[in-house]
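K.L.:
Here's a structure for you.
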Protein chains: 2
Amino acid sequence: MEKLKPRTLSGFMELLPAPQMQMERMMEILRETYALYGFTPLDTPAIEAAEILLAKGGGETEKQIYRFQKGDSDLALRFDLTVPLAKYVALHSGELSFPFRRYQIGKVYRGERAQRGRFREFYQADIDIIGDGKLDILNEAEIPSIIYTIFRRFGLKRFVIRVNNRKLLNGFYAMLNLAEKSAEIMRTVDKLDKIGTEKVRSILLEDNGLSAEQADEILKFISIKGTNAEVLSALQSWRGKNEIFDLGLEELTAVTQYLGAFGVPEENFSVDLTIARGLDYYTGTVYETTLLDHPEIGSVCSGGRYDSLAEYYTDRQLPGVGISIGLTRLFYVLGEQKMLNPELPAAPADCLLLPMTDDFSAAVRLATQFRNVGIRTQIYSEQKKFKAKMSYADKLGIPYVVFLGEDELAQGVCSVKNLRTGEQVSLRPEDAAQIIRSGVLSLQSGCVILEK
Amino acid sequence: MEKLKPRTLSGFMELLPAPQMQMERMMEILRETYALYGFTPLDTPAIEAAEILLAKGGGETEKQIYRFQKGDSDLALRFDLTVPLAKYVALHSGELSFPFRRYQIGKVYRGERAQRGRFREFYQADIDIIGDGKLDILNEAEIPSIIYTIFRRFGLKRFVIRVNNRKLLNGFYAMLNLAEKSAEIMRTVDKLDKIGTEKVRSILLEDNGLSAEQADEILKFISIKGTNAEVLSALQSWRGKNEIFDLGLEELTAVTQYLGAFGVPEENFSVDLTIARGLDYYTGTVYETTLLDHPEIGSVCSGGRYDSLAEYYTDRQLPGVGISIGLTRLFYVLGEQKMLNPELPAAPADCLLLPMTDDFSAAVRLATQFRNVGIRTQIYSEQKKFKAKMSYADKLGIPYVVFLGEDELAQGVCSVKNLRTGEQVSLRPEDAAQIIRSGVLSLQSGCVILEK
């Protein structure tokens, strides 16, 4: 038979078992932590009616979307988790209680041009809090505090969650009589990290049509640096001139204060007047998250406050705040940077059980005994040379091998070999189980990410 | 703005938060149990090149598949997890260690005609063990023993894993000089449950062209009933006439014996000579699983032994054994039958914290203290009437509400109300945490499935 060359599409992540274990570990931390903050898990279809996904329409989305016909239906794959959330909340609003807090970890699809580190299928890990008509400012502080907790549980320390407020920016531009240009100015300022002050200034003047005075006032504003208290204090000098600005400053101050109460140290969050997020629908607090040692990869976790989640589907006013971790990309970057902790067990089993008798029944019973106390156990029943069996355990990184032969059976023991130390002992099954369990626990004590 | 009516496509499951929590619980049991038996998690793309998915080609698959173009690429959504596994193993065989044991829980897509209880997007939860050239018979007993463990952890007791062996059947048909017709005979016999003995006999005679003698011998064979020992013993009378039959009988005997060693009680597995599985590629042990009180829904978990996983992509001989749980369908049926345990907490939080002060900082710190000991905590910060707040907790089924007002703060306590009993007490935070934790633990003690 002629063979077809097996291949995986480019732009699609498919991991080998060991890195997949690391990915699962990160997902487990995400699920656990999101749940700890009172978020309910949600799962929506990957396929939706194209008109639902494209309700907002426009631009890049329409070009990148995977869209196709099936029978008479015009279908598409979701390109984010926000639009499906909007549909879900609008569709089920009568059956949900607000504030509605949900997390969703799922694959989304964008047919971008394939390039290194860009994926066409990737996981997003989102949380959102949706209010009914109103939503308290506390939520805008809680969202980044959850990200802080997750990143610390991942093992990251050198990251900063950068926080700003769109009302503050809109109010500020209104003071300069630039209210109508605020969106394009934000897009220009958003490039500051990439292109520098001088280039931003020239775009503000030439492309955005600002006066030199206006441009300089903006550059002065976004050059405010210092501790969070210093930045907030410097902002006081514009206070009282514009209501929206004042409201934004009040919100930013409250978010900063509550982030402290949530236990987020100042080194991990900073008020940063340069960030704005491109998307139009943010209306209050906005977030970006930077890895300090890898600013070149951009924000690994972004989001913000919006006034209207589902305006395309319902008249109901549903303000919310949310944030999204680009999990696949983050994982890819961590792998590239060799930041995934190689010491953590990536083996499919804690213990490889080698029966040395023809009848495997005793081995089966021992395996059951181990599994009942939580030891991930594989019985190796293939007829191979001893060396091949040991090499199998070794290659997979299985930490313990247990032998069960006639001698052991006669004495009611099993032989446990620790492959990391080479030590081998004969023990009663319950003692063997205890040794293996505590050994495995200590191997798992590290974090999934190692910073250098 | 004109609104678009929000909708979810028919044939796509989208759950409300409470049932979603039950689904997550089942997935967690699947992940934990599969891991306990030494299976490694795998995740492959939902989209593959169409030629890869359709390598085998033919029939229903080609009609049901979601296939589409993107740029120059001919793409399709996976319709099962077996073909992507075959591709994965063929592609990465040099980097894998065999036996390769993987589990995968993922969505697959089939554009079937929409009907009640049939889904176009559904989860499969698969395990497979792939050998390199050979694979020991023990694996064919371990696979159903894992299903037994999972179903018991789900809370099911009244189910039977039915086991047969294709070699036994092929050998038997060969004895009757029907080797060439074995595939079509198996398909006929497979209908026994649905159409009855008489109808099977007439199809065997009229459509399959068997003699009355051959048909009667087959009906005699498949009418063998009794305990597993009795069935195996009755099969001895055909022994010695055909090598393949003898090998099949040997395998079936070994699988039965080992299933006992794995601790699977005889009431939960039975040697059943009537099952064969439709698919051609099974070559040894085959499985089906029936819920005793709901035989009408057919097999909820099926699989078997195959000789050649990836023959379309590689010359390498990769025999394996696997089984698949149709999770979405099973979940749907359990819901329809009201078998999902309503006593298990489905709330997004264990504790709703109500700050009764203007400044929420103390509440934030208390929430952090609770979360640090694993209590899923939501701070309710919206400005609503007290009654609305309590009703929110009530509707979501949150078991504990904690009040934190000036009085409590002054005394260093918080007030904990158990919404199930109505009891309210003032406690120091660490005592409150302990009460809530043990209360929540006892609420979680039941199984996800309740049999009546």
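Ordering of the structure tokens sets the chain letters (A, B, ...); residue numbers start at 1 within each chain; ligands are numbered from 1 in the order shown.
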With only C-alpha atoms considered, list every residue of chain A at most 6 Å from chain B, as an NGL selection string.

P.N.:
:A and (3-6 or 14 or 36-40 or 44 or 68 or 87 or 91 or 136 or 261-262 or 312-313 or 348-349 or 361 or 364 or 371 or 376-378 or 382)

K.L.:
Extract, using only C-alpha atoms, all DNA, RNA and protein residues at most 9 Å from range 281-293 of chain A, discarding same-chain residues fewer than 2 positions from it, and format them as a ChimeraX atom specification.

P.N.:
/A:140-141,144,156-168,248,251-252,255,269,275-279,295-309,321,323

K.L.:
Just C-alpha atoms for this one: save the residues we selected as a compact mmCIF listing (two decimals), in the first residue's frame.

P.N.:
```
# COMPACT_ATOMS: atom_id res chain seq x y z
CA GLU A 140 -11.17 45.89 38.07
CA ALA A 141 -8.59 45.31 40.79
CA PRO A 144 -5.18 41.58 37.69
CA LEU A 156 7.24 33.67 37.46
CA LYS A 157 8.50 36.56 39.52
CA ARG A 158 9.90 38.99 36.99
CA PHE A 159 6.72 40.32 35.41
CA VAL A 160 4.76 43.54 35.59
CA ILE A 161 1.04 43.98 35.16
CA ARG A 162 0.71 47.46 33.68
CA VAL A 163 -2.49 49.27 34.48
CA ASN A 164 -4.03 52.36 32.95
CA ASN A 165 -7.52 53.83 32.57
CA ARG A 166 -9.22 54.84 29.34
CA LYS A 167 -11.40 57.46 31.07
CA LEU A 168 -8.26 59.15 32.27
CA GLY A 248 -10.67 57.95 35.58
CA GLU A 251 -10.88 54.63 39.40
CA LEU A 252 -7.15 54.26 38.84
CA VAL A 255 -7.66 49.96 41.56
CA PHE A 269 2.08 46.06 38.97
CA ILE A 275 -0.79 51.68 27.55
CA ALA A 276 -4.24 51.98 26.02
CA ARG A 277 -5.10 48.67 24.24
CA GLY A 278 -6.04 48.96 20.61
CA LEU A 279 -9.61 47.74 20.91
CA PRO A 295 9.78 42.72 26.70
CA GLU A 296 10.25 41.88 23.02
CA ILE A 297 7.42 39.35 23.08
CA GLY A 298 4.90 42.02 24.05
CA SER A 299 1.98 41.55 26.38
CA VAL A 300 1.31 37.96 27.45
CA CYS A 301 -1.95 38.79 29.18
CA SER A 302 -4.21 41.72 28.37
CA GLY A 303 -7.69 42.98 28.98
CA GLY A 304 -9.78 45.64 30.54
CA ARG A 305 -13.13 47.08 31.45
CA TYR A 306 -15.89 47.44 28.86
CA ASP A 307 -19.37 48.97 29.14
CA SER A 308 -21.21 46.78 26.77
CA LEU A 309 -20.42 43.11 26.28
CA VAL A 321 -14.15 43.38 32.93
CA ILE A 323 -8.52 39.44 30.82
```

K.L.:
Can you tell me how far CA of Ile129 in chain A sits from CA of Tyr332 in chain B, in Å to one decimal?

P.N.:
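The value is 28.1 Å.
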
K.L.:
Could you give me, as number ranges by chain, each residue of range 348-424 of chain B that DSSP assigns to strand (DSSP E) when run on this structure's backbone?

P.N.:
B: 351-355, 377-379, 400-404, 414-418, 424

K.L.:
Using only N, CA, C and O atoms, please write the residues we just selected to a file, as a PDB file, in the first residue's frame.

P.N.:
```
ATOM      1  N   CYS B 351     -18.119  30.176  49.111  1.00  0.00           N
ATOM      2  CA  CYS B 351     -18.382  31.230  50.079  1.00  0.00           C
ATOM      3  C   CYS B 351     -18.577  32.558  49.367  1.00  0.00           C
ATOM      4  O   CYS B 351     -17.773  32.930  48.504  1.00  0.00           O
ATOM      5  N   LEU B 352     -19.678  33.237  49.696  1.00  0.00           N
ATOM      6  CA  LEU B 352     -19.910  34.587  49.179  1.00  0.00           C
ATOM      7  C   LEU B 352     -19.633  35.554  50.313  1.00  0.00           C
ATOM      8  O   LEU B 352     -20.266  35.484  51.372  1.00  0.00           O
ATOM      9  N   LEU B 353     -18.681  36.428  50.092  1.00  0.00           N
ATOM     10  CA  LEU B 353     -18.265  37.345  51.150  1.00  0.00           C
ATOM     11  C   LEU B 353     -18.951  38.698  50.935  1.00  0.00           C
ATOM     12  O   LEU B 353     -18.770  39.321  49.888  1.00  0.00           O
ATOM     13  N   LEU B 354     -19.734  39.125  51.917  1.00  0.00           N
ATOM     14  CA  LEU B 354     -20.446  40.398  51.798  1.00  0.00           C
ATOM     15  C   LEU B 354     -19.801  41.448  52.693  1.00  0.00           C
ATOM     16  O   LEU B 354     -19.977  41.426  53.908  1.00  0.00           O
ATOM     17  N   PRO B 355     -19.066  42.381  52.107  1.00  0.00           N
ATOM     18  CA  PRO B 355     -18.500  43.468  52.911  1.00  0.00           C
ATOM     19  C   PRO B 355     -19.626  44.430  53.282  1.00  0.00           C
ATOM     20  O   PRO B 355     -20.433  44.791  52.424  1.00  0.00           O
ATOM     21  N   THR B 377     -13.816  31.552  46.869  1.00  0.00           N
ATOM     22  CA  THR B 377     -14.457  32.712  47.500  1.00  0.00           C
ATOM     23  C   THR B 377     -14.776  33.795  46.487  1.00  0.00           C
ATOM     24  O   THR B 377     -13.936  34.153  45.659  1.00  0.00           O
ATOM     25  N   GLN B 378     -15.988  34.303  46.572  1.00  0.00           N
ATOM     26  CA  GLN B 378     -16.355  35.461  45.766  1.00  0.00           C
ATOM     27  C   GLN B 378     -16.693  36.623  46.692  1.00  0.00           C
ATOM     28  O   GLN B 378     -17.459  36.464  47.646  1.00  0.00           O
ATOM     29  N   ILE B 379     -16.113  37.778  46.416  1.00  0.00           N
ATOM     30  CA  ILE B 379     -16.498  38.992  47.143  1.00  0.00           C
ATOM     31  C   ILE B 379     -17.664  39.613  46.377  1.00  0.00           C
ATOM     32  O   ILE B 379     -17.565  39.857  45.172  1.00  0.00           O
ATOM     33  N   TYR B 400     -22.162  28.960  51.744  1.00  0.00           N
ATOM     34  CA  TYR B 400     -21.862  29.836  52.886  1.00  0.00           C
ATOM     35  C   TYR B 400     -21.831  31.311  52.480  1.00  0.00           C
ATOM     36  O   TYR B 400     -21.265  31.650  51.438  1.00  0.00           O
ATOM     37  N   VAL B 401     -22.438  32.152  53.342  1.00  0.00           N
ATOM     38  CA  VAL B 401     -22.303  33.598  53.172  1.00  0.00           C
ATOM     39  C   VAL B 401     -21.564  34.123  54.395  1.00  0.00           C
ATOM     40  O   VAL B 401     -21.856  33.716  55.532  1.00  0.00           O
ATOM     41  N   VAL B 402     -20.595  34.983  54.163  1.00  0.00           N
ATOM     42  CA  VAL B 402     -19.825  35.561  55.267  1.00  0.00           C
ATOM     43  C   VAL B 402     -20.021  37.069  55.264  1.00  0.00           C
ATOM     44  O   VAL B 402     -19.843  37.721  54.230  1.00  0.00           O
ATOM     45  N   PHE B 403     -20.441  37.617  56.420  1.00  0.00           N
ATOM     46  CA  PHE B 403     -20.631  39.063  56.556  1.00  0.00           C
ATOM     47  C   PHE B 403     -19.435  39.674  57.265  1.00  0.00           C
ATOM     48  O   PHE B 403     -18.920  39.102  58.226  1.00  0.00           O
ATOM     49  N   LEU B 404     -19.051  40.849  56.785  1.00  0.00           N
ATOM     50  CA  LEU B 404     -17.942  41.540  57.427  1.00  0.00           C
ATOM     51  C   LEU B 404     -18.306  43.024  57.542  1.00  0.00           C
ATOM     52  O   LEU B 404     -18.206  43.774  56.568  1.00  0.00           O
ATOM     53  N   CYS B 414     -15.716  37.347  61.850  1.00  0.00           N
ATOM     54  CA  CYS B 414     -16.639  37.490  60.728  1.00  0.00           C
ATOM     55  C   CYS B 414     -17.862  36.623  61.027  1.00  0.00           C
ATOM     56  O   CYS B 414     -17.780  35.690  61.835  1.00  0.00           O
ATOM     57  N   SER B 415     -18.988  36.954  60.414  1.00  0.00           N
ATOM     58  CA  SER B 415     -20.211  36.183  60.661  1.00  0.00           C
ATOM     59  C   SER B 415     -20.422  35.208  59.508  1.00  0.00           C
ATOM     60  O   SER B 415     -20.446  35.607  58.349  1.00  0.00           O
ATOM     61  N   VAL B 416     -20.543  33.941  59.850  1.00  0.00           N
ATOM     62  CA  VAL B 416     -20.674  32.893  58.840  1.00  0.00           C
ATOM     63  C   VAL B 416     -22.087  32.334  58.886  1.00  0.00           C
ATOM     64  O   VAL B 416     -22.538  31.858  59.930  1.00  0.00           O
ATOM     65  N   LYS B 417     -22.768  32.399  57.746  1.00  0.00           N
ATOM     66  CA  LYS B 417     -24.117  31.831  57.691  1.00  0.00           C
ATOM     67  C   LYS B 417     -24.128  30.631  56.752  1.00  0.00           C
ATOM     68  O   LYS B 417     -23.716  30.731  55.595  1.00  0.00           O
ATOM     69  N   ASN B 418     -24.566  29.498  57.276  1.00  0.00           N
ATOM     70  CA  ASN B 418     -24.732  28.283  56.474  1.00  0.00           C
ATOM     71  C   ASN B 418     -26.114  28.347  55.844  1.00  0.00           C
ATOM     72  O   ASN B 418     -27.126  28.267  56.522  1.00  0.00           O
ATOM     73  N   GLN B 424     -26.219  30.777  61.871  1.00  0.00           N
ATOM     74  CA  GLN B 424     -25.225  31.850  61.728  1.00  0.00           C
ATOM     75  C   GLN B 424     -24.393  31.992  62.992  1.00  0.00           C
ATOM     76  O   GLN B 424     -24.935  32.018  64.096  1.00  0.00           O
TER      77      GLN B 424
END
```

K.L.:
If you measure from CA of Val440 in chain A to CA of Met339 in chain A, what distance in Å do you get, rounded to one decimal?

P.N.:
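Interatomic distance, CA of Val440 in chain A to CA of Met339 in chain A: 21.8 Å.
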
K.L.:
Identify all residues of range 191-333 of chain B in helix (DSSP H, G or I) (DSSP on the backbone) and supply them as a compact mmCIF listing (two decimals) with N, CA and C atoms, in the first residue's frame.

P.N.:
```
# COMPACT_ATOMS: atom_id res chain seq x y z
N LEU B 192 -28.37 -8.42 16.44
CA LEU B 192 -29.18 -9.34 17.24
C LEU B 192 -30.02 -8.63 18.31
N ASP B 193 -29.38 -7.75 19.06
CA ASP B 193 -30.08 -7.01 20.13
C ASP B 193 -31.27 -6.25 19.60
N LYS B 194 -31.09 -5.70 18.40
CA LYS B 194 -32.13 -4.81 17.87
C LYS B 194 -33.26 -5.57 17.18
N ILE B 195 -32.91 -6.64 16.42
CA ILE B 195 -33.95 -7.24 15.56
C ILE B 195 -34.36 -8.65 15.97
N THR B 197 -33.55 -12.93 17.08
CA THR B 197 -32.96 -14.14 16.49
C THR B 197 -33.56 -14.50 15.13
N GLU B 198 -34.89 -14.46 15.05
CA GLU B 198 -35.56 -14.90 13.82
C GLU B 198 -35.14 -14.07 12.61
N LYS B 199 -35.11 -12.76 12.84
CA LYS B 199 -34.75 -11.84 11.76
C LYS B 199 -33.28 -12.05 11.36
N VAL B 200 -32.42 -12.26 12.36
CA VAL B 200 -31.01 -12.52 12.07
C VAL B 200 -30.88 -13.78 11.21
N ARG B 201 -31.62 -14.80 11.59
CA ARG B 201 -31.57 -16.07 10.85
C ARG B 201 -31.98 -15.85 9.39
N SER B 202 -33.04 -15.08 9.19
CA SER B 202 -33.49 -14.91 7.81
C SER B 202 -32.51 -14.07 6.99
N ILE B 203 -31.84 -13.09 7.62
CA ILE B 203 -30.82 -12.34 6.88
C ILE B 203 -29.63 -13.24 6.55
N LEU B 204 -29.25 -14.07 7.52
CA LEU B 204 -28.13 -15.00 7.29
C LEU B 204 -28.43 -15.91 6.09
N LEU B 205 -29.65 -16.38 6.01
CA LEU B 205 -30.04 -17.28 4.93
C LEU B 205 -30.20 -16.53 3.61
N GLU B 206 -31.02 -15.49 3.65
CA GLU B 206 -31.40 -14.83 2.40
C GLU B 206 -30.35 -13.85 1.88
N ALA B 212 -28.93 -23.56 5.87
CA ALA B 212 -29.66 -23.62 7.13
C ALA B 212 -28.76 -24.18 8.23
N GLU B 213 -27.95 -25.14 7.87
CA GLU B 213 -27.03 -25.76 8.83
C GLU B 213 -26.04 -24.74 9.38
N GLN B 214 -25.45 -23.95 8.44
CA GLN B 214 -24.49 -22.92 8.87
C GLN B 214 -25.16 -21.89 9.77
N ALA B 215 -26.34 -21.44 9.34
CA ALA B 215 -27.05 -20.43 10.13
C ALA B 215 -27.35 -20.97 11.52
N ASP B 216 -27.79 -22.21 11.61
CA ASP B 216 -28.14 -22.76 12.91
C ASP B 216 -26.92 -22.92 13.81
N GLU B 217 -25.79 -23.31 13.19
CA GLU B 217 -24.56 -23.44 13.97
C GLU B 217 -24.16 -22.07 14.55
N ILE B 218 -24.31 -21.03 13.75
CA ILE B 218 -23.99 -19.67 14.22
C ILE B 218 -24.95 -19.25 15.33
N LEU B 219 -26.23 -19.53 15.13
CA LEU B 219 -27.20 -19.14 16.15
C LEU B 219 -26.98 -19.92 17.46
N LYS B 220 -26.58 -21.18 17.30
CA LYS B 220 -26.27 -21.98 18.49
C LYS B 220 -25.08 -21.35 19.22
N PHE B 221 -24.08 -20.95 18.42
CA PHE B 221 -22.87 -20.34 18.98
C PHE B 221 -23.19 -19.06 19.74
N ILE B 222 -23.94 -18.19 19.10
CA ILE B 222 -24.17 -16.89 19.76
C ILE B 222 -25.24 -16.97 20.84
N ASN B 228 -19.23 -16.30 32.94
CA ASN B 228 -18.08 -16.26 32.03
C ASN B 228 -17.42 -17.64 31.96
N ALA B 229 -17.33 -18.31 33.10
CA ALA B 229 -16.71 -19.65 33.11
C ALA B 229 -17.54 -20.61 32.27
N GLU B 230 -18.84 -20.51 32.37
CA GLU B 230 -19.70 -21.41 31.60
C GLU B 230 -19.57 -21.17 30.09
N VAL B 231 -19.52 -19.90 29.72
CA VAL B 231 -19.38 -19.59 28.29
C VAL B 231 -18.04 -20.10 27.77
N LEU B 232 -16.97 -19.83 28.50
CA LEU B 232 -15.65 -20.28 28.07
C LEU B 232 -15.61 -21.80 27.99
N SER B 233 -16.26 -22.44 28.91
CA SER B 233 -16.28 -23.90 28.94
C SER B 233 -17.06 -24.46 27.73
N ALA B 234 -18.20 -23.83 27.42
CA ALA B 234 -18.98 -24.27 26.26
C ALA B 234 -18.19 -24.14 24.97
N LEU B 235 -17.32 -23.13 24.91
CA LEU B 235 -16.53 -22.89 23.70
C LEU B 235 -15.50 -23.99 23.46
N GLN B 236 -15.16 -24.71 24.54
CA GLN B 236 -14.16 -25.79 24.43
C GLN B 236 -14.58 -26.84 23.38
N SER B 237 -15.88 -27.01 23.19
CA SER B 237 -16.34 -28.07 22.29
C SER B 237 -15.91 -27.83 20.84
N TRP B 238 -15.57 -26.56 20.48
CA TRP B 238 -15.09 -26.30 19.12
C TRP B 238 -13.56 -26.33 19.04
N GLU B 243 -6.95 -23.09 14.15
CA GLU B 243 -5.91 -22.43 14.96
C GLU B 243 -6.30 -21.04 15.43
N ILE B 244 -6.94 -20.30 14.53
CA ILE B 244 -7.32 -18.93 14.87
C ILE B 244 -8.36 -18.94 16.00
N PHE B 245 -9.30 -19.89 15.87
CA PHE B 245 -10.30 -20.04 16.92
C PHE B 245 -9.62 -20.33 18.26
N ASP B 246 -8.68 -21.27 18.24
CA ASP B 246 -8.01 -21.66 19.48
C ASP B 246 -7.25 -20.48 20.08
N LEU B 247 -6.61 -19.69 19.22
CA LEU B 247 -5.87 -18.52 19.70
C LEU B 247 -6.84 -17.51 20.32
N GLY B 248 -7.98 -17.31 19.63
CA GLY B 248 -8.99 -16.38 20.16
C GLY B 248 -9.51 -16.84 21.51
N LEU B 249 -9.73 -18.15 21.63
CA LEU B 249 -10.24 -18.68 22.90
C LEU B 249 -9.22 -18.50 24.01
N GLU B 250 -7.97 -18.71 23.65
CA GLU B 250 -6.88 -18.51 24.62
C GLU B 250 -6.84 -17.05 25.08
N GLU B 251 -6.96 -16.14 24.13
CA GLU B 251 -6.93 -14.71 24.48
C GLU B 251 -8.12 -14.33 25.35
N LEU B 252 -9.28 -14.81 24.96
CA LEU B 252 -10.49 -14.47 25.70
C LEU B 252 -10.41 -15.01 27.13
N THR B 253 -9.84 -16.19 27.24
CA THR B 253 -9.66 -16.79 28.57
C THR B 253 -8.69 -15.96 29.42
N ALA B 254 -7.59 -15.54 28.79
CA ALA B 254 -6.60 -14.73 29.51
C ALA B 254 -7.20 -13.39 29.94
N VAL B 255 -7.94 -12.75 29.02
CA VAL B 255 -8.55 -11.45 29.33
C VAL B 255 -9.52 -11.60 30.51
N THR B 256 -10.32 -12.67 30.46
CA THR B 256 -11.29 -12.91 31.53
C THR B 256 -10.59 -13.12 32.86
N GLN B 257 -9.53 -13.92 32.83
CA GLN B 257 -8.80 -14.20 34.07
C GLN B 257 -8.18 -12.91 34.64
N TYR B 258 -7.55 -12.13 33.75
CA TYR B 258 -6.90 -10.90 34.22
C TYR B 258 -7.89 -9.85 34.67
N LEU B 259 -9.05 -9.81 34.03
CA LEU B 259 -10.06 -8.85 34.49
C LEU B 259 -10.42 -9.12 35.95
N GLY B 260 -10.46 -10.41 36.31
CA GLY B 260 -10.67 -10.75 37.72
C GLY B 260 -9.53 -10.25 38.59
N ALA B 261 -8.29 -10.44 38.11
CA ALA B 261 -7.14 -9.97 38.89
C ALA B 261 -7.17 -8.46 39.05
N GLU B 266 -17.55 -9.94 38.41
CA GLU B 266 -18.17 -10.59 37.26
C GLU B 266 -19.49 -9.91 36.85
N GLU B 267 -20.16 -9.26 37.80
CA GLU B 267 -21.42 -8.60 37.41
C GLU B 267 -21.18 -7.42 36.48
N ASN B 268 -19.93 -6.93 36.41
CA ASN B 268 -19.66 -5.78 35.56
C ASN B 268 -18.93 -6.11 34.25
N PRO B 295 -30.54 -0.05 28.13
CA PRO B 295 -29.93 -0.75 26.98
C PRO B 295 -30.28 -0.05 25.67
N GLU B 296 -31.38 0.71 25.69
CA GLU B 296 -31.83 1.35 24.44
C GLU B 296 -30.84 2.37 23.90
N ILE B 297 -29.96 2.90 24.76
CA ILE B 297 -29.03 3.92 24.25
C ILE B 297 -27.79 3.29 23.62
N LEU B 327 -18.36 10.94 25.52
CA LEU B 327 -18.66 11.68 26.75
C LEU B 327 -19.88 12.59 26.63
N THR B 328 -19.96 13.32 25.53
CA THR B 328 -21.07 14.27 25.37
C THR B 328 -22.40 13.53 25.34
N ARG B 329 -22.45 12.45 24.60
CA ARG B 329 -23.68 11.67 24.52
C ARG B 329 -24.02 11.05 25.87
N LEU B 330 -23.01 10.49 26.53
CA LEU B 330 -23.25 9.90 27.85
C LEU B 330 -23.79 10.96 28.80
N PHE B 331 -23.17 12.13 28.77
CA PHE B 331 -23.61 13.21 29.66
C PHE B 331 -25.05 13.62 29.35
N TYR B 332 -25.35 13.69 28.07
CA TYR B 332 -26.71 14.06 27.65
C TYR B 332 -27.73 13.05 28.18
N VAL B 333 -27.42 11.77 28.00
CA VAL B 333 -28.34 10.72 28.44
C VAL B 333 -28.52 10.76 29.96
```

K.L.:
Find the residue from B:Arg187, B:Gly133, B:Asn242, B:Thr61 that sits nearest to Gly171 in chain B; use only C-alpha atoms when measuring.

P.N.:
B:Asn242

K.L.:
By how many Å are CA of Asp74 in chain B and CA of Gly326 in chain B apart?

P.N.:
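Distance reported for this atom pair: 27.6 Å.
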